[in-house]
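Here the structure comes first, spelled out in structure tokens, and everything after it is commentary.
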Amino acid sequence: MAIKQYMQQLGAKARAASRLMARAETNAKNLALVTIAQAIRREKSALLAANLLDMQAARAAGLEEALLDRLALSEKSIATMAEGLEQIAALTDPIGEISNLKYRPSGIQVGNMRVPLGVIGIIYEARPNVTVDAAGLCIKSGNAAILRGGSEAINCNQALAKLVHEGLAAAGLPASAVQVVETTDRAAVGELITMQEYVDVIVPRGGKGLIARISAEARIPVIKHLDGNCHVYVDDDADFAKALRIIENSKTQRLGTCNTAESLLVARSVAAAMLPKIAAMLSAKGTEIRGCSETCALVPQAQAATDEDYYTEYLAAIISCKVVDGLDAAIAHINQYSSQHTEAIVTENYTYARRFLREVDSSSVMVNASTRFADGFEYGLGAEIGISTDKLHARGPVGLEGLTSVKYIVLGNGEVRG
């Protein structure tokens, strides 16, 4: 079958399913989620075997380490997928929620009702966990989903799709509410992002090149983030033990995630005392440091940074570093160079912390915590469909509410407009 015809069929099925999902009962949606979670735990060995096939093919194809890290499944990550679905099931169903209901002088009541977006197309690379997170969030929020995972995860994604359909069937919900694109042909992406009659929103998750392409070519609204150039700023009033622990976790726990710290800023007043010890920790973890002239003077192993380094999401054991005058300079640097994903300040100064929260223009801003917490699971959303650095209509980790919209409702008792 031609790609265009195949994708049109998926779109038509998804649109029909979205009508059924919009009126699905909360209990049915929760039953589907819990059943999928149980199936994932039951089929752990089969999922690991499918993932092994994907990993072997990816290594043979020369996939870079950051993508291999995203592709890999473990017993822990499989358990986390199942737990995420159970968390989503435990969350309040947002669909049908009425808010801001107010009487008008005419006698009518006007308010807002939360409703699904409709059909969501999700395009992602490498990460099989996105298949589960996206399916779970779309089911609970009453949407239909068309999932186009990367070719490198085709075996695992197809195995997961079967388990998702098992859960939908158990709950009496349409299998076409979640469809995983079966072809690895890239033409399918081009079709998906232009099917305005069938798809309401596109969510791309992957490298900067993929997301830039989708944003440029899509004829459908896109919820996106291009990259994750996250910062940690060590303030004049930082607690050194906290700073060391937060920087270590933010940068070295995982290199290939969008919430990993890529840039380190240190206040000049504490740089001489703190930066060499921070650098020693990073170097011991195998991290290359690229810094300003002051950084290089304090850290002999550091290499000189270019201006481009401060814009870069490395997804590797590299971090940029700059010594700054203080809070004002740190905020200015972040707002210029960051990708508006996640930034953290380490400080014991309450006033500085409040200013950092207010003035840093990113989707997640943290005080005395690792940037690695910028995640739907950690935020209590159950899972996330992505992390948006847009300002419309969702920002930060996109959970249930980010997959909904509101419509106005009017309640009357025979009133007419004079």
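To be explicit about the labels: the chains of the structure tokens are called A, B, and onward in the order shown, and within each one the residues are counted from 1, while ligands get numbers from 1 in the order they are shown.
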Val324 in chain A surroundings by only C-alpha atoms, 6 Å radius, close-in-sequence under 5 positions cut, as a list in words
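So, after excluding close chain neighbours, the residues are Ala267, Arg268 and Ala329 of chain A.
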Selected residues written out, all heavy atoms, as a PDB file, in the first residue's frame:
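Below is the file that was written, selection_29.pdb:
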ATOM      1  N   ALA A 267      29.414  32.267  40.554  1.00  0.00           N
ATOM      2  CA  ALA A 267      29.618  33.661  40.966  1.00  0.00           C
ATOM      3  C   ALA A 267      31.092  33.901  41.265  1.00  0.00           C
ATOM      4  O   ALA A 267      31.767  33.062  41.876  1.00  0.00           O
ATOM      5  CB  ALA A 267      28.764  33.975  42.180  1.00  0.00           C
ATOM      6  N   ARG A 268      31.590  35.056  40.844  1.00  0.00           N
ATOM      7  CA  ARG A 268      33.019  35.355  40.977  1.00  0.00           C
ATOM      8  C   ARG A 268      33.487  35.314  42.429  1.00  0.00           C
ATOM      9  O   ARG A 268      34.597  34.867  42.721  1.00  0.00           O
ATOM     10  CB  ARG A 268      33.301  36.732  40.364  1.00  0.00           C
ATOM     11  CG  ARG A 268      34.770  37.133  40.417  1.00  0.00           C
ATOM     12  CD  ARG A 268      35.074  38.339  39.541  1.00  0.00           C
ATOM     13  NE  ARG A 268      35.034  37.961  38.117  1.00  0.00           N
ATOM     14  CZ  ARG A 268      34.118  38.398  37.257  1.00  0.00           C
ATOM     15  NH1 ARG A 268      33.154  39.198  37.674  1.00  0.00           N
ATOM     16  NH2 ARG A 268      34.157  38.026  35.997  1.00  0.00           N
ATOM     17  N   ALA A 329      24.222  39.027  36.214  1.00  0.00           N
ATOM     18  CA  ALA A 329      24.979  38.503  35.066  1.00  0.00           C
ATOM     19  C   ALA A 329      24.556  37.069  34.746  1.00  0.00           C
ATOM     20  O   ALA A 329      24.485  36.687  33.570  1.00  0.00           O
ATOM     21  CB  ALA A 329      26.470  38.568  35.345  1.00  0.00           C
TER      22      ALA A 329
END
Would you list, as a VMD selection string, the residues of range 35-143 of chain A that end up in strand (DSSP E or B) under DSSP run on this structure's backbone?
chain A and resid 98 to 103 109 to 116 119 to 124
Store the residues of this selection in a file with all heavy atoms, as a compact mmCIF listing (two decimals), in the first residue's frame.
# COMPACT_ATOMS: atom_id res chain seq x y z
N ILE A 98 -15.62 21.41 34.86
CA ILE A 98 -16.16 22.76 34.62
C ILE A 98 -15.55 23.72 35.63
O ILE A 98 -15.50 23.43 36.83
CB ILE A 98 -17.69 22.76 34.73
CG1 ILE A 98 -18.30 21.87 33.63
CG2 ILE A 98 -18.25 24.18 34.64
CD1 ILE A 98 -19.80 21.69 33.76
N SER A 99 -15.09 24.85 35.14
CA SER A 99 -14.45 25.83 36.02
C SER A 99 -14.92 27.24 35.65
O SER A 99 -15.48 27.47 34.57
CB SER A 99 -12.93 25.74 35.90
OG SER A 99 -12.51 25.98 34.57
N ASN A 100 -14.70 28.16 36.57
CA ASN A 100 -14.97 29.59 36.35
C ASN A 100 -16.43 29.87 36.01
O ASN A 100 -16.73 30.80 35.24
CB ASN A 100 -14.07 30.16 35.24
CG ASN A 100 -12.60 29.99 35.53
OD1 ASN A 100 -12.16 30.16 36.67
ND2 ASN A 100 -11.82 29.63 34.53
N LEU A 101 -17.34 29.09 36.55
CA LEU A 101 -18.75 29.28 36.24
C LEU A 101 -19.27 30.49 37.01
O LEU A 101 -19.20 30.55 38.24
CB LEU A 101 -19.53 28.02 36.62
CG LEU A 101 -20.92 27.83 36.01
CD1 LEU A 101 -20.83 27.74 34.49
CD2 LEU A 101 -21.57 26.57 36.57
N LYS A 102 -19.77 31.48 36.26
CA LYS A 102 -20.21 32.74 36.86
C LYS A 102 -21.54 33.17 36.26
O LYS A 102 -21.79 32.99 35.07
CB LYS A 102 -19.16 33.84 36.62
CG LYS A 102 -17.80 33.56 37.25
CD LYS A 102 -16.79 34.61 36.85
CE LYS A 102 -15.41 34.28 37.42
NZ LYS A 102 -14.38 35.24 36.96
N TYR A 103 -22.38 33.78 37.10
CA TYR A 103 -23.63 34.37 36.62
C TYR A 103 -23.34 35.70 35.95
O TYR A 103 -22.52 36.50 36.42
CB TYR A 103 -24.61 34.59 37.77
CG TYR A 103 -25.42 33.36 38.13
CD1 TYR A 103 -25.08 32.60 39.25
CD2 TYR A 103 -26.50 32.98 37.35
CE1 TYR A 103 -25.82 31.48 39.59
CE2 TYR A 103 -27.25 31.86 37.68
CZ TYR A 103 -26.91 31.11 38.79
OH TYR A 103 -27.65 30.00 39.12
N GLN A 109 -25.33 31.58 33.01
CA GLN A 109 -24.06 31.25 33.64
C GLN A 109 -23.05 30.91 32.54
O GLN A 109 -23.36 30.17 31.59
CB GLN A 109 -24.21 30.03 34.56
CG GLN A 109 -24.93 30.31 35.86
CD GLN A 109 -25.02 29.05 36.70
OE1 GLN A 109 -25.86 28.19 36.45
NE2 GLN A 109 -24.16 28.92 37.70
N VAL A 110 -21.85 31.44 32.67
CA VAL A 110 -20.80 31.22 31.68
C VAL A 110 -19.59 30.60 32.38
O VAL A 110 -19.18 31.06 33.45
CB VAL A 110 -20.38 32.54 30.99
CG1 VAL A 110 -19.27 32.29 29.97
CG2 VAL A 110 -21.57 33.19 30.31
N GLY A 111 -19.05 29.53 31.78
CA GLY A 111 -17.87 28.88 32.37
C GLY A 111 -17.06 28.18 31.31
O GLY A 111 -17.29 28.34 30.10
N ASN A 112 -16.09 27.41 31.76
CA ASN A 112 -15.22 26.65 30.87
C ASN A 112 -15.33 25.16 31.15
O ASN A 112 -15.41 24.76 32.32
CB ASN A 112 -13.75 27.06 31.03
CG ASN A 112 -13.50 28.52 30.71
OD1 ASN A 112 -13.10 29.27 31.59
ND2 ASN A 112 -13.74 28.91 29.48
N MET A 113 -15.31 24.35 30.11
CA MET A 113 -15.27 22.90 30.25
C MET A 113 -14.01 22.38 29.58
O MET A 113 -13.68 22.77 28.46
CB MET A 113 -16.49 22.24 29.61
CG MET A 113 -16.46 20.71 29.68
SD MET A 113 -17.90 19.92 28.92
CE MET A 113 -19.15 20.25 30.19
N ARG A 114 -13.30 21.50 30.28
CA ARG A 114 -12.07 20.93 29.73
C ARG A 114 -12.40 19.78 28.79
O ARG A 114 -13.17 18.89 29.15
CB ARG A 114 -11.14 20.48 30.85
CG ARG A 114 -9.72 20.20 30.38
CD ARG A 114 -8.73 20.30 31.51
NE ARG A 114 -8.54 21.65 31.98
CZ ARG A 114 -7.80 22.58 31.37
NH1 ARG A 114 -7.16 22.27 30.25
NH2 ARG A 114 -7.67 23.78 31.87
N VAL A 115 -11.79 19.79 27.60
CA VAL A 115 -12.11 18.81 26.55
C VAL A 115 -10.81 18.30 25.92
O VAL A 115 -9.77 18.96 25.99
CB VAL A 115 -13.01 19.43 25.46
CG1 VAL A 115 -14.36 19.80 26.04
CG2 VAL A 115 -12.34 20.65 24.82
N PRO A 116 -10.85 17.13 25.28
CA PRO A 116 -9.65 16.63 24.61
C PRO A 116 -9.28 17.49 23.40
O PRO A 116 -10.11 18.21 22.84
CB PRO A 116 -10.06 15.22 24.13
CG PRO A 116 -11.29 14.87 24.91
CD PRO A 116 -11.97 16.17 25.21
N VAL A 119 -7.06 14.37 17.94
CA VAL A 119 -6.08 13.40 17.46
C VAL A 119 -4.70 14.02 17.58
O VAL A 119 -4.45 15.12 17.07
CB VAL A 119 -6.35 13.00 15.99
CG1 VAL A 119 -5.26 12.04 15.50
CG2 VAL A 119 -7.72 12.35 15.86
N ILE A 120 -3.81 13.31 18.24
CA ILE A 120 -2.45 13.81 18.47
C ILE A 120 -1.47 12.92 17.74
O ILE A 120 -1.45 11.69 17.94
CB ILE A 120 -2.13 13.84 19.98
CG1 ILE A 120 -3.15 14.74 20.70
CG2 ILE A 120 -0.71 14.33 20.23
CD1 ILE A 120 -3.03 14.73 22.20
N GLY A 121 -0.67 13.50 16.88
CA GLY A 121 0.40 12.78 16.19
C GLY A 121 1.70 12.98 16.93
O GLY A 121 2.09 14.13 17.19
N ILE A 122 2.36 11.89 17.28
CA ILE A 122 3.60 11.98 18.08
C ILE A 122 4.73 11.32 17.29
O ILE A 122 4.61 10.16 16.87
CB ILE A 122 3.42 11.33 19.45
CG1 ILE A 122 2.26 12.01 20.19
CG2 ILE A 122 4.70 11.44 20.28
CD1 ILE A 122 1.62 11.19 21.25
N ILE A 123 5.79 12.08 17.07
CA ILE A 123 6.93 11.62 16.28
C ILE A 123 8.15 11.65 17.19
O ILE A 123 8.46 12.68 17.79
CB ILE A 123 7.15 12.55 15.06
CG1 ILE A 123 5.90 12.56 14.18
CG2 ILE A 123 8.37 12.12 14.26
CD1 ILE A 123 5.82 13.76 13.26
N TYR A 124 8.83 10.51 17.32
CA TYR A 124 9.91 10.44 18.29
C TYR A 124 11.00 9.50 17.82
O TYR A 124 10.80 8.64 16.97
CB TYR A 124 9.38 10.02 19.67
CG TYR A 124 8.51 8.78 19.67
CD1 TYR A 124 9.01 7.55 20.10
CD2 TYR A 124 7.20 8.83 19.25
CE1 TYR A 124 8.21 6.41 20.11
CE2 TYR A 124 6.39 7.70 19.26
CZ TYR A 124 6.89 6.49 19.69
OH TYR A 124 6.11 5.37 19.70
Please determine, counting only C-alpha atoms, which residue among A:Ala297, A:Ala175, A:Ile154, A:Ile146 has the shortest atom-to-atom distance to Leu192 in chain A.
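When distances to Leu192 in chain A are compared using only C-alpha atoms, the smallest one comes from A:Ile146.
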I'd like the contact shell of Leu327 in chain A - 9 Å cut-off, only C-alpha atoms, skipping same-chain residues fewer than 2 positions apart - returned as a list in words.
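Final neighbour list, sorted by chain and number: Tyr233, Asp235, Asp236, Ala267, Val324, Asp325, Ala329, Ala330, Ile331, Ala332, Tyr352, Arg355 and Phe356 of chain A.
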I need the residues from that last selection saved to file as a short mmCIF file (atom, residue, chain, number, x, y, z; two decimals), in the first residue's frame (with C-alpha atoms), if you can.
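Writing the result to again15.cif gives the following:
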data_model
loop_
_atom_site.label_atom_id
_atom_site.label_comp_id
_atom_site.auth_asym_id
_atom_site.auth_seq_id
_atom_site.Cartn_x
_atom_site.Cartn_y
_atom_site.Cartn_z
CA TYR A 233 24.19 28.71 38.63
CA ASP A 235 25.43 31.85 43.63
CA ASP A 236 27.47 34.00 46.02
CA ALA A 267 29.62 33.66 40.97
CA VAL A 324 29.99 35.66 36.28
CA ASP A 325 29.73 38.82 38.37
CA ALA A 329 24.98 38.50 35.07
CA ALA A 330 23.85 34.89 35.55
CA ILE A 331 20.24 35.70 34.64
CA ALA A 332 21.36 37.71 31.60
CA TYR A 352 18.06 35.90 45.10
CA ARG A 355 14.42 36.81 41.69
CA PHE A 356 15.86 33.82 39.81
#
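Summary of the local environment: counting only C-alpha atoms, residues at most 12 Å from Asp361 in chain A, other than itself and those fewer than 3 positions away along its chain, are Cys230, Ile331, Ala332, His333, Ile334, Asn335, Gln336, Tyr337, Ser338, Ser339, Gln340, His341, Thr342, Glu343, Ala344, Arg355, Phe356, Leu357, Arg358, Ser364, Val365, Met366, Thr389, Asp390, Lys391, Arg395 and Gly396 of chain A.
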Any chance you can output those residues with C-alpha atoms as a PDB file, in the first residue's frame?
ATOM      1  CA  CYS A 230      20.155  23.595  30.859  1.00  0.00           C
ATOM      2  CA  ILE A 331      20.242  35.700  34.637  1.00  0.00           C
ATOM      3  CA  ALA A 332      21.357  37.705  31.596  1.00  0.00           C
ATOM      4  CA  HIS A 333      23.627  34.861  30.433  1.00  0.00           C
ATOM      5  CA  ILE A 334      20.901  32.246  30.856  1.00  0.00           C
ATOM      6  CA  ASN A 335      18.255  34.292  29.076  1.00  0.00           C
ATOM      7  CA  GLN A 336      20.655  34.816  26.152  1.00  0.00           C
ATOM      8  CA  TYR A 337      22.133  31.336  25.749  1.00  0.00           C
ATOM      9  CA  SER A 338      19.623  28.862  27.166  1.00  0.00           C
ATOM     10  CA  SER A 339      17.042  26.920  25.176  1.00  0.00           C
ATOM     11  CA  GLN A 340      14.406  27.873  27.797  1.00  0.00           C
ATOM     12  CA  HIS A 341      14.189  24.307  29.087  1.00  0.00           C
ATOM     13  CA  THR A 342      15.420  24.052  32.704  1.00  0.00           C
ATOM     14  CA  GLU A 343      17.670  26.205  34.895  1.00  0.00           C
ATOM     15  CA  ALA A 344      18.703  25.875  38.548  1.00  0.00           C
ATOM     16  CA  ARG A 355      14.421  36.807  41.686  1.00  0.00           C
ATOM     17  CA  PHE A 356      15.862  33.820  39.811  1.00  0.00           C
ATOM     18  CA  LEU A 357      12.454  32.124  39.768  1.00  0.00           C
ATOM     19  CA  ARG A 358      10.752  35.261  38.521  1.00  0.00           C
ATOM     20  CA  SER A 364      11.226  24.935  34.540  1.00  0.00           C
ATOM     21  CA  VAL A 365      13.189  27.015  37.065  1.00  0.00           C
ATOM     22  CA  MET A 366      14.586  25.418  40.218  1.00  0.00           C
ATOM     23  CA  THR A 389       9.647  25.212  25.584  1.00  0.00           C
ATOM     24  CA  ASP A 390       6.842  26.952  23.700  1.00  0.00           C
ATOM     25  CA  LYS A 391       4.607  29.415  25.513  1.00  0.00           C
ATOM     26  CA  ARG A 395       4.918  24.813  28.680  1.00  0.00           C
ATOM     27  CA  GLY A 396       7.250  22.481  30.552  1.00  0.00           C
TER      28      GLY A 396
END
Spatial neighbours of Asn51 in chain A, max dist 7 Å, only C-alpha atoms, sep filter under 6 positions, as number ranges by chain:
A: 72-73, 155-156
Nearest-residue call for Val189 in chain A, choices A:Met7, A:Glu359, A:Glu348, A:Ala353, using only C-alpha atoms:
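Ranking A:Met7, A:Glu359, A:Glu348, A:Ala353 by distance to Val189 in chain A, first place goes to A:Met7.
Note that CA of Arg19 in chain A and CA of Gly412 in chain A are 26.3 Å apart.
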Which value, in Å to one decimal, gives the distance between CA of Ala135 in chain A and CA of Lys224 in chain A?
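It comes out at 17.9 Å.
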All residues 8 Å or closer to Ala279 in chain A, only C-alpha atoms, same chain fewer than 4 positions away omitted, as a list in words
Leu275, Ser283, Ile289 and Val299 of chain A
Assign secondary structure with DSSP using the backbone only, and return the residues of range 30-156 of chain A in helix (DSSP H, G or I) as a VMD selection string.
chain A and resid 30 to 42 44 to 60 65 to 71 75 to 90 129 to 140 151 to 156
Exercise: Ala22 in chain A partners within 9 Å, only C-alpha atoms, chain neighbours under 3 positions left out, as a ChimeraX atom specification:
/A:17-19,25,95,115-116,118,141-144
Output file for the selection above: C-alpha atoms, as an mmCIF file, in the first residue's frame:
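New file selection09.cif:
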data_model
loop_
_atom_site.group_PDB
_atom_site.id
_atom_site.type_symbol
_atom_site.label_atom_id
_atom_site.label_comp_id
_atom_site.auth_asym_id
_atom_site.auth_seq_id
_atom_site.Cartn_x
_atom_site.Cartn_y
_atom_site.Cartn_z
ATOM 1 C CA ALA A 17 -11.753 6.784 17.573
ATOM 2 C CA SER A 18 -11.285 10.302 18.975
ATOM 3 C CA ARG A 19 -15.067 10.788 19.007
ATOM 4 C CA GLU A 25 -15.995 6.901 31.012
ATOM 5 C CA ILE A 95 -12.222 15.747 30.865
ATOM 6 C CA VAL A 115 -12.107 18.808 26.552
ATOM 7 C CA PRO A 116 -9.648 16.626 24.606
ATOM 8 C CA GLY A 118 -8.737 15.274 19.440
ATOM 9 C CA SER A 141 -7.105 12.652 28.380
ATOM 10 C CA GLY A 142 -9.657 11.229 25.941
ATOM 11 C CA ASN A 143 -7.563 11.709 22.808
ATOM 12 C CA ALA A 144 -6.656 9.380 19.963
#
Point-to-point distance in Å for CA of Glu191 in chain A and CA of Glu217 in chain A
10.4 Å
Choose the residue, out of A:Ser388, A:Gln9, A:Ser263, A:Thr257, that has the smallest atom-to-atom separation from Gln179 in chain A; count only C-alpha atoms.
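Once distances to Gln179 in chain A are computed over only C-alpha atoms, the minimum belongs to A:Gln9.
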